[in-house]
Amino acid sequence: MKRKRHSKSAFQQCRYYEVDNIFEYMVETYINGNFSTFRELYHELNKEARKDFIGFLLVECPPQYHMEILQEIV
């Protein structure tokens with residue numbers, strides 16, 4: 001049985017998933033069409049990391065994905 005992960009920092013998620021930047025990984029996951037995986041990754045983040053992800057999305061992500069990704073996480 002897969003154990004659910006909750007309230008993890010971005011740093012903890014980077015280590016767990018063995019990626020350099022969890023936010024980039026999440027955006028790539030969404031762009032590749034893995035919407036359920038994206039939702040799981042987002043919900044594993046703690047409140048502060050979720051805020052940081054929104055900031056990353058608005059600054060670093062291509063604008064055409066802003067609305068889609070925001071709708072997916074709400």
# chains A, B, ... in the order shown; residues from 1 in each chain; ligands from 1
>>> residues_around(residues="A:Asp52", least_positions_apart="6", cutoff="10 Å", atoms="only C-alpha atoms", output="PyMOL selection string")
chain A and resi 10+23+45-46
>>> write_last_selection(atoms="C-alpha atoms", output="tab-separated table (two decimals), in the first residue's frame")
chain	number	residue	atom	x	y	z
A	10	ALA	CA	9.81	21.76	-1.50
A	23	PHE	CA	8.29	23.00	-9.12
A	45	LEU	CA	3.24	20.16	-0.50
A	46	ASN	CA	2.82	22.12	2.72
>>> select_by_dssp(residues="chain A", states="alpha helix (DSSP H)", output="PyMOL selection string")
chain A and resi 10-17+22-31+35-44+47-60+66-73
>>> atom_distance(atom1="atom CA of A:Ser7", atom2="atom CA of A:Gln64")
28.6 Å
>>> atom_distance(atom1="atom CA of A:Asn32", atom2="atom CA of A:Arg50")
20.5 Å
>>> atom_distance(atom1="atom CA of A:Ser9", atom2="atom CA of A:Phe38")
15.9 Å
>>> closest_residue(among="A:Val27, A:Val59, A:His6, A:Glu68", to="A:Lys47", atoms="only C-alpha atoms")
A:His6
